[in-house]
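Listing of data.pdb, PDB, C-alpha atoms, pLDDT in the B column
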```pdb
ATOM      1  CA  SER A   1     102.366  -4.469  12.621  1.00 94.00           C
ATOM      2  CA  LEU A   2     101.208  -0.835  12.717  1.00 96.00           C
ATOM      3  CA  HIS A   3      99.904  -1.272  16.259  1.00 97.00           C
ATOM      4  CA  SER A   4     103.116  -2.955  17.424  1.00 96.00           C
ATOM      5  CA  ASN A   5     105.251  -0.193  15.894  1.00 97.00           C
ATOM      6  CA  THR A   6     103.057   2.449  17.522  1.00 97.00           C
ATOM      7  CA  VAL A   7     103.421   0.799  20.935  1.00 96.00           C
ATOM      8  CA  VAL A   8     107.211   0.728  20.486  1.00 96.00           C
ATOM      9  CA  ALA A   9     107.256   4.391  19.391  1.00 96.00           C
ATOM     10  CA  ALA A  10     105.214   5.421  22.460  1.00 94.00           C
ATOM     11  CA  SER A  11     107.556   3.470  24.722  1.00 93.00           C
ATOM     12  CA  ASN A  12     110.587   5.086  23.071  1.00 95.00           C
ATOM     13  CA  GLU A  13     109.070   8.552  23.497  1.00 94.00           C
ATOM     14  CA  LYS A  14     108.481   7.993  27.214  1.00 93.00           C
ATOM     15  CA  ALA A  15     112.022   6.727  27.684  1.00 94.00           C
ATOM     16  CA  ALA A  16     113.400   9.680  25.697  1.00 96.00           C
ATOM     17  CA  THR A  17     111.434  12.107  27.880  1.00 95.00           C
ATOM     18  CA  LEU A  18     113.004  10.611  30.989  1.00 96.00           C
ATOM     19  CA  VAL A  19     116.475  10.934  29.434  1.00 97.00           C
ATOM     20  CA  LEU A  20     115.684  14.549  28.492  1.00 97.00           C
ATOM     21  CA  LEU A  21     114.692  15.313  32.096  1.00 97.00           C
ATOM     22  CA  GLU A  22     117.993  13.857  33.297  1.00 97.00           C
ATOM     23  CA  TYR A  23     119.939  15.989  30.799  1.00 98.00           C
ATOM     24  CA  LEU A  24     117.979  19.067  31.859  1.00 98.00           C
ATOM     25  CA  ALA A  25     118.875  18.368  35.483  1.00 97.00           C
ATOM     26  CA  GLU A  26     122.544  18.385  34.560  1.00 97.00           C
ATOM     27  CA  VAL A  27     122.160  21.514  32.379  1.00 97.00           C
ATOM     28  CA  ASP A  28     120.496  23.185  35.358  1.00 97.00           C
ATOM     29  CA  ARG A  29     123.114  21.945  37.854  1.00 96.00           C
ATOM     30  CA  ARG A  30     125.929  23.305  35.685  1.00 97.00           C
ATOM     31  CA  ARG A  31     123.938  26.432  34.731  1.00 96.00           C
ATOM     32  CA  LEU A  32     124.864  25.680  31.130  1.00 96.00           C
ATOM     33  CA  TYR A  33     121.920  27.757  29.936  1.00 95.00           C
ATOM     34  CA  ALA A  34     123.585  30.881  31.402  1.00 95.00           C
ATOM     35  CA  THR A  35     126.853  30.243  29.581  1.00 96.00           C
ATOM     36  CA  LEU A  36     124.797  30.039  26.382  1.00 96.00           C
ATOM     37  CA  ALA A  37     123.266  33.475  27.161  1.00 95.00           C
ATOM     38  CA  TYR A  38     119.836  32.245  28.271  1.00 94.00           C
ATOM     39  CA  SER A  39     118.455  33.936  31.370  1.00 93.00           C
ATOM     40  CA  SER A  40     116.804  30.794  32.729  1.00 94.00           C
ATOM     41  CA  LEU A  41     116.496  27.077  32.176  1.00 96.00           C
ATOM     42  CA  TRP A  42     112.936  27.658  31.014  1.00 95.00           C
ATOM     43  CA  GLU A  43     114.132  30.088  28.325  1.00 95.00           C
ATOM     44  CA  TYR A  44     116.768  27.568  27.247  1.00 97.00           C
ATOM     45  CA  VAL A  45     114.193  24.765  26.924  1.00 97.00           C
ATOM     46  CA  HIS A  46     111.779  27.065  25.085  1.00 96.00           C
ATOM     47  CA  LYS A  47     114.181  28.825  22.729  1.00 96.00           C
ATOM     48  CA  ALA A  48     117.226  26.586  22.347  1.00 97.00           C
ATOM     49  CA  LEU A  49     115.358  23.280  22.388  1.00 97.00           C
ATOM     50  CA  GLY A  50     112.284  24.565  20.577  1.00 97.00           C
ATOM     51  CA  TYR A  51     109.569  23.521  22.991  1.00 96.00           C
ATOM     52  CA  SER A  52     106.374  25.555  23.313  1.00 94.00           C
ATOM     53  CA  GLU A  53     105.958  27.659  26.445  1.00 93.00           C
ATOM     54  CA  GLY A  54     103.671  25.072  28.050  1.00 92.00           C
ATOM     55  CA  GLN A  55     105.936  22.171  27.101  1.00 95.00           C
ATOM     56  CA  ALA A  56     108.951  24.022  28.508  1.00 95.00           C
ATOM     57  CA  SER A  57     107.132  24.678  31.786  1.00 94.00           C
ATOM     58  CA  GLU A  58     106.088  21.031  32.098  1.00 95.00           C
ATOM     59  CA  ARG A  59     109.588  19.722  31.498  1.00 96.00           C
ATOM     60  CA  VAL A  60     111.353  22.179  33.780  1.00 96.00           C
ATOM     61  CA  GLY A  61     108.811  21.622  36.565  1.00 96.00           C
ATOM     62  CA  ALA A  62     108.946  17.843  36.195  1.00 97.00           C
ATOM     63  CA  MET A  63     112.750  17.866  36.194  1.00 97.00           C
ATOM     64  CA  ARG A  64     112.944  20.013  39.319  1.00 96.00           C
ATOM     65  CA  VAL A  65     110.567  17.826  41.313  1.00 97.00           C
ATOM     66  CA  MET A  66     112.418  14.731  40.049  1.00 96.00           C
ATOM     67  CA  VAL A  67     115.689  16.157  41.398  1.00 97.00           C
ATOM     68  CA  LYS A  68     114.156  17.032  44.794  1.00 96.00           C
ATOM     69  CA  VAL A  69     112.198  13.789  45.144  1.00 96.00           C
ATOM     70  CA  PRO A  70     114.106  10.868  43.564  1.00 94.00           C
ATOM     71  CA  GLU A  71     111.066   8.579  43.860  1.00 95.00           C
ATOM     72  CA  VAL A  72     109.485  10.626  41.055  1.00 96.00           C
ATOM     73  CA  ARG A  73     112.010   9.254  38.577  1.00 95.00           C
ATOM     74  CA  ALA A  74     111.138   5.661  39.501  1.00 95.00           C
ATOM     75  CA  GLN A  75     107.408   6.388  39.097  1.00 95.00           C
ATOM     76  CA  LEU A  76     108.009   7.991  35.682  1.00 95.00           C
ATOM     77  CA  GLU A  77     110.172   5.079  34.578  1.00 93.00           C
ATOM     78  CA  ALA A  78     107.562   2.548  35.738  1.00 93.00           C
ATOM     79  CA  GLY A  79     104.832   4.398  33.828  1.00 92.00           C
ATOM     80  CA  LYS A  80     102.901   5.126  37.033  1.00 94.00           C
ATOM     81  CA  LEU A  81     103.338   8.859  36.554  1.00 95.00           C
ATOM     82  CA  THR A  82     103.020  10.915  33.379  1.00 94.00           C
ATOM     83  CA  LEU A  83     104.948  14.034  32.477  1.00 95.00           C
ATOM     84  CA  THR A  84     101.757  16.079  32.877  1.00 94.00           C
ATOM     85  CA  SER A  85     100.981  14.653  36.315  1.00 95.00           C
ATOM     86  CA  THR A  86     104.584  15.203  37.375  1.00 96.00           C
ATOM     87  CA  ALA A  87     104.385  18.829  36.263  1.00 95.00           C
ATOM     88  CA  LYS A  88     101.124  19.260  38.207  1.00 94.00           C
ATOM     89  CA  LEU A  89     102.773  17.790  41.301  1.00 96.00           C
ATOM     90  CA  ALA A  90     105.754  20.119  40.837  1.00 95.00           C
ATOM     91  CA  ALA A  91     103.535  23.198  40.542  1.00 92.00           C
ATOM     92  CA  HIS A  92     101.536  22.163  43.614  1.00 93.00           C
ATOM     93  CA  ALA A  93     104.677  21.469  45.673  1.00 94.00           C
ATOM     94  CA  ARG A  94     106.135  24.852  44.687  1.00 92.00           C
ATOM     95  CA  ARG A  95     102.879  26.741  45.361  1.00 89.00           C
ATOM     96  CA  GLU A  96     102.381  25.035  48.735  1.00 91.00           C
ATOM     97  CA  ASN A  97     106.096  25.234  49.595  1.00 91.00           C
ATOM     98  CA  LEU A  98     106.211  21.507  50.387  1.00 93.00           C
ATOM     99  CA  ALA A  99     109.260  19.756  51.754  1.00 94.00           C
ATOM    100  CA  PRO A 100     110.579  16.817  49.701  1.00 95.00           C
ATOM    101  CA  ALA A 101     109.113  14.329  52.218  1.00 94.00           C
ATOM    102  CA  GLU A 102     105.662  15.929  51.882  1.00 94.00           C
ATOM    103  CA  THR A 103     105.942  15.821  48.093  1.00 95.00           C
ATOM    104  CA  ALA A 104     106.971  12.145  48.250  1.00 94.00           C
ATOM    105  CA  SER A 105     103.929  11.447  50.407  1.00 93.00           C
ATOM    106  CA  LEU A 106     101.694  13.077  47.803  1.00 93.00           C
ATOM    107  CA  LEU A 107     103.402  11.012  45.139  1.00 92.00           C
ATOM    108  CA  ASP A 108     101.990   7.886  46.791  1.00 90.00           C
ATOM    109  CA  HIS A 109      98.481   9.337  46.456  1.00 93.00           C
ATOM    110  CA  ILE A 110      98.750  10.286  42.774  1.00 95.00           C
ATOM    111  CA  SER A 111     100.721   7.321  41.450  1.00 94.00           C
ATOM    112  CA  GLY A 112      98.818   5.493  38.724  1.00 94.00           C
ATOM    113  CA  LYS A 113      96.064   8.108  38.520  1.00 95.00           C
ATOM    114  CA  SER A 114      94.849  10.031  35.481  1.00 92.00           C
ATOM    115  CA  SER A 115      95.646  13.709  35.122  1.00 90.00           C
ATOM    116  CA  ARG A 116      92.133  14.688  36.246  1.00 89.00           C
ATOM    117  CA  GLU A 117      92.345  12.409  39.272  1.00 93.00           C
ATOM    118  CA  VAL A 118      95.719  13.959  40.124  1.00 94.00           C
ATOM    119  CA  GLU A 119      94.150  17.428  39.959  1.00 91.00           C
ATOM    120  CA  ARG A 120      91.424  16.339  42.383  1.00 90.00           C
ATOM    121  CA  VAL A 121      93.955  14.903  44.852  1.00 93.00           C
ATOM    122  CA  LEU A 122      96.079  18.049  44.709  1.00 92.00           C
ATOM    123  CA  VAL A 123      93.097  20.379  45.070  1.00 88.00           C
ATOM    124  CA  SER A 124      91.880  18.395  48.073  1.00 88.00           C
ATOM    125  CA  CYS A 125      95.091  19.161  49.960  1.00 86.00           C
ATOM    126  CA  SER A 126      95.619  22.694  48.679  1.00 83.00           C
ATOM    127  CA  SER A 127      95.679  25.631  51.054  1.00 77.00           C
ATOM    128  CA  ALA A 128      94.554  28.029  48.313  1.00 65.00           C
ATOM    129  CA  LEU A 129      91.078  29.438  48.588  1.00 58.00           C
ATOM    130  CA  GLN A 130      88.617  28.661  45.832  1.00 58.00           C
ATOM    131  CA  LYS A 131      88.233  31.400  43.252  1.00 65.00           C
ATOM    132  CA  PRO A 132      84.982  33.375  43.316  1.00 72.00           C
ATOM    133  CA  ASP A 133      82.574  33.271  40.384  1.00 77.00           C
ATOM    134  CA  ARG A 134      83.431  35.853  37.759  1.00 84.00           C
ATOM    135  CA  ALA A 135      81.990  37.301  34.569  1.00 85.00           C
ATOM    136  CA  ARG A 136      84.409  39.183  32.334  1.00 86.00           C
ATOM    137  CA  ALA A 137      83.884  40.646  28.862  1.00 88.00           C
ATOM    138  CA  ILE A 138      86.342  39.143  26.384  1.00 88.00           C
ATOM    139  CA  THR A 139      84.909  40.615  23.152  1.00 90.00           C
ATOM    140  CA  PRO A 140      82.141  43.131  22.478  1.00 90.00           C
ATOM    141  CA  THR A 141      79.652  40.254  22.200  1.00 91.00           C
ATOM    142  CA  LEU A 142      81.109  37.532  24.460  1.00 88.00           C
ATOM    143  CA  THR A 143      81.522  37.223  28.221  1.00 89.00           C
ATOM    144  CA  ARG A 144      83.624  34.569  29.940  1.00 88.00           C
ATOM    145  CA  ILE A 145      81.940  33.123  33.036  1.00 88.00           C
ATOM    146  CA  THR A 146      84.164  31.344  35.558  1.00 86.00           C
ATOM    147  CA  MET A 147      82.646  29.394  38.429  1.00 84.00           C
ATOM    148  CA  GLU A 148      83.486  26.535  40.728  1.00 80.00           C
ATOM    149  CA  VAL A 149      81.039  23.621  40.694  1.00 80.00           C
ATOM    150  CA  ASP A 150      80.696  20.443  42.719  1.00 78.00           C
ATOM    151  CA  PRO A 151      80.527  16.942  41.187  1.00 83.00           C
ATOM    152  CA  GLU A 152      76.743  16.866  41.427  1.00 85.00           C
ATOM    153  CA  PHE A 153      76.412  20.035  39.325  1.00 85.00           C
ATOM    154  CA  LEU A 154      78.820  18.653  36.746  1.00 86.00           C
ATOM    155  CA  ALA A 155      76.796  15.430  36.643  1.00 85.00           C
ATOM    156  CA  LEU A 156      73.653  17.497  35.965  1.00 88.00           C
ATOM    157  CA  VAL A 157      75.362  19.218  33.037  1.00 87.00           C
ATOM    158  CA  GLU A 158      76.414  15.834  31.646  1.00 88.00           C
ATOM    159  CA  ARG A 159      72.820  14.601  32.097  1.00 87.00           C
ATOM    160  CA  VAL A 160      71.517  17.556  30.056  1.00 88.00           C
ATOM    161  CA  LYS A 161      73.971  16.667  27.285  1.00 87.00           C
ATOM    162  CA  GLU A 162      72.817  13.053  27.471  1.00 88.00           C
ATOM    163  CA  LEU A 163      69.138  14.041  27.295  1.00 87.00           C
ATOM    164  CA  LYS A 164      69.862  16.260  24.301  1.00 87.00           C
ATOM    165  CA  GLY A 165      71.548  13.251  22.679  1.00 88.00           C
ATOM    166  CA  ASN A 166      74.794  15.117  22.141  1.00 85.00           C
ATOM    167  CA  PRO A 167      77.729  14.486  24.494  1.00 84.00           C
ATOM    168  CA  ALA A 168      79.756  17.097  22.565  1.00 86.00           C
ATOM    169  CA  LEU A 169      77.251  19.841  23.444  1.00 86.00           C
ATOM    170  CA  SER A 170      79.029  22.964  24.701  1.00 88.00           C
ATOM    171  CA  PHE A 171      78.463  24.180  28.249  1.00 88.00           C
ATOM    172  CA  GLN A 172      76.635  27.209  26.856  1.00 88.00           C
ATOM    173  CA  GLU A 173      74.255  24.994  24.850  1.00 89.00           C
ATOM    174  CA  ALA A 174      73.698  22.721  27.861  1.00 87.00           C
ATOM    175  CA  PHE A 175      72.966  25.694  30.134  1.00 86.00           C
ATOM    176  CA  GLU A 176      70.620  27.285  27.559  1.00 88.00           C
ATOM    177  CA  SER A 177      68.746  24.017  27.219  1.00 85.00           C
ATOM    178  CA  ALA A 178      68.461  23.535  30.988  1.00 85.00           C
ATOM    179  CA  MET A 179      67.309  27.121  31.532  1.00 86.00           C
TER
END
```

Could you render the structure from this file as structure tokens?
Amino acid sequence: SLHSNTVVAASNEKAATLVLLEYLAEVDRRRLYATLAYSSLWEYVHKALGYSEGQASERVGAMRVMVKVPEVRAQLEAGKLTLTSTAKLAAHARRENLAPAETASLLDHISGKSSREVERVLVSCSSALQKPDRARAITPTLTRITMEVDPEFLALVERVKELKGNPALSFQEAFESAM
């Protein structure tokens, strides 16, 4: 019974998210947020509706791509696209300045994929250059290292974790062990 109720609740949440996106499209079309003294739809979603900054960005981005590319709505409704994947597609389409037809074509490539798989598809067709490795002090005793790695390197890190018998090992601990 608990499992069945949980499945129903998850289904209801997904349907409610789709309805919310449709309402947001109409709020945006009418610029209702401006008449309520909000400077943007994002501010309205964040402050008036109480979503976190990240949640507001996801919903606004997903709604905008859904309006420009109607096929997105069908994919969301069918469960072949998540809100997160839709937001990633929206950000990519905006960054790359894609036409609706190009975005729809990408939709075919990401439909049914996990969020990580979607990221890989979008990165593979991105015009942005890869970021260079960086080391930046974040506290007096800690430095953040940012680097791009290929799948083979990532597999080696996972192998170190496996050999140490701890899949939850941090990257720092895995690197220290390997070095």

- request: Would you list the residues near (117.2, 8.1, 38.1), meaning any protein, DNA or RNA residue with an atom at most 12 Å from that point in file coordinates, counting only C-alpha atoms, as a PyMOL selection string?
  value: chain A and resi 15+18-23+25+63+66-78

field: Test item: the PyMOL selection byres ((chain A and resi 40-53) around 12) resolved as number ranges by chain
entry: A: 20-21, 23-39, 54-64

task: Please evaluate the PyMOL selection byres ((chain A and resi 160) around 10) against the displayed coordinates and give the resulting residues as a ChimeraX atom specification.
output: /A:154-159,161-167,169,171,173-175,177-178

- request: Pull out every residue that the PyMOL selection byres ((chain A and resi 81-93) around 7) matches in the shown coordinates and put them as a list in words.
  value: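 Applying the PyMOL selection byres ((chain A and resi 81-93) around 7) to the structure shown produces Glu58, Gly61, Ala62, Val65, Gln75, Leu76, Gly79, Lys80, Arg94, Arg95, Glu96, Asn97, Leu98, Thr103, Ser111, Gly112, Ser115, Val118 and Leu122 of chain A.
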
query: Which of these residues is nearest to Val123 (chain A), using only C-alpha atoms: A:Leu142, A:Ile110, A:Ala101, A:Leu2?
result: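 Of A:Leu142, A:Ile110, A:Ala101, A:Leu2, the one nearest Val123 (chain A) is A:Ile110, counting only C-alpha atoms.
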
query: Any idea what the distance is between CA of Leu106 (chain A) and CA of Asn12 (chain A)?
result: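 If I compute the distance from CA of Leu106 (chain A) to CA of Asn12 (chain A), I get 27.5 Å.
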
- request: Measuring atom to atom with all atoms listed in the file, identify which of A:Arg144, A:His109, A:His3, A:Arg134 is nearest to Val121 (chain A).
  value: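 Nearest to Val121 (chain A): A:His109.
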
message: Between CA of Lys113 (chain A) and CA of Ser126 (chain A), what is the distance in Å, rounded to a tenth?
response: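 Atom-to-atom, CA of Lys113 (chain A) and CA of Ser126 (chain A) are spaced 17.8 Å apart.
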
- prompt: Which value, in Å to one decimal, gives the distance between CA of Phe153 (chain A) and CA of Ser127 (chain A)?
  reply: 23.2 Å

- request: Tell me, as number ranges by chain, which residues lie within 12 Å of Thr143 (chain A), counting all atoms listed in the file; anything in the same chain fewer than 5 positions away does not count.
  value: A: 134-138, 172
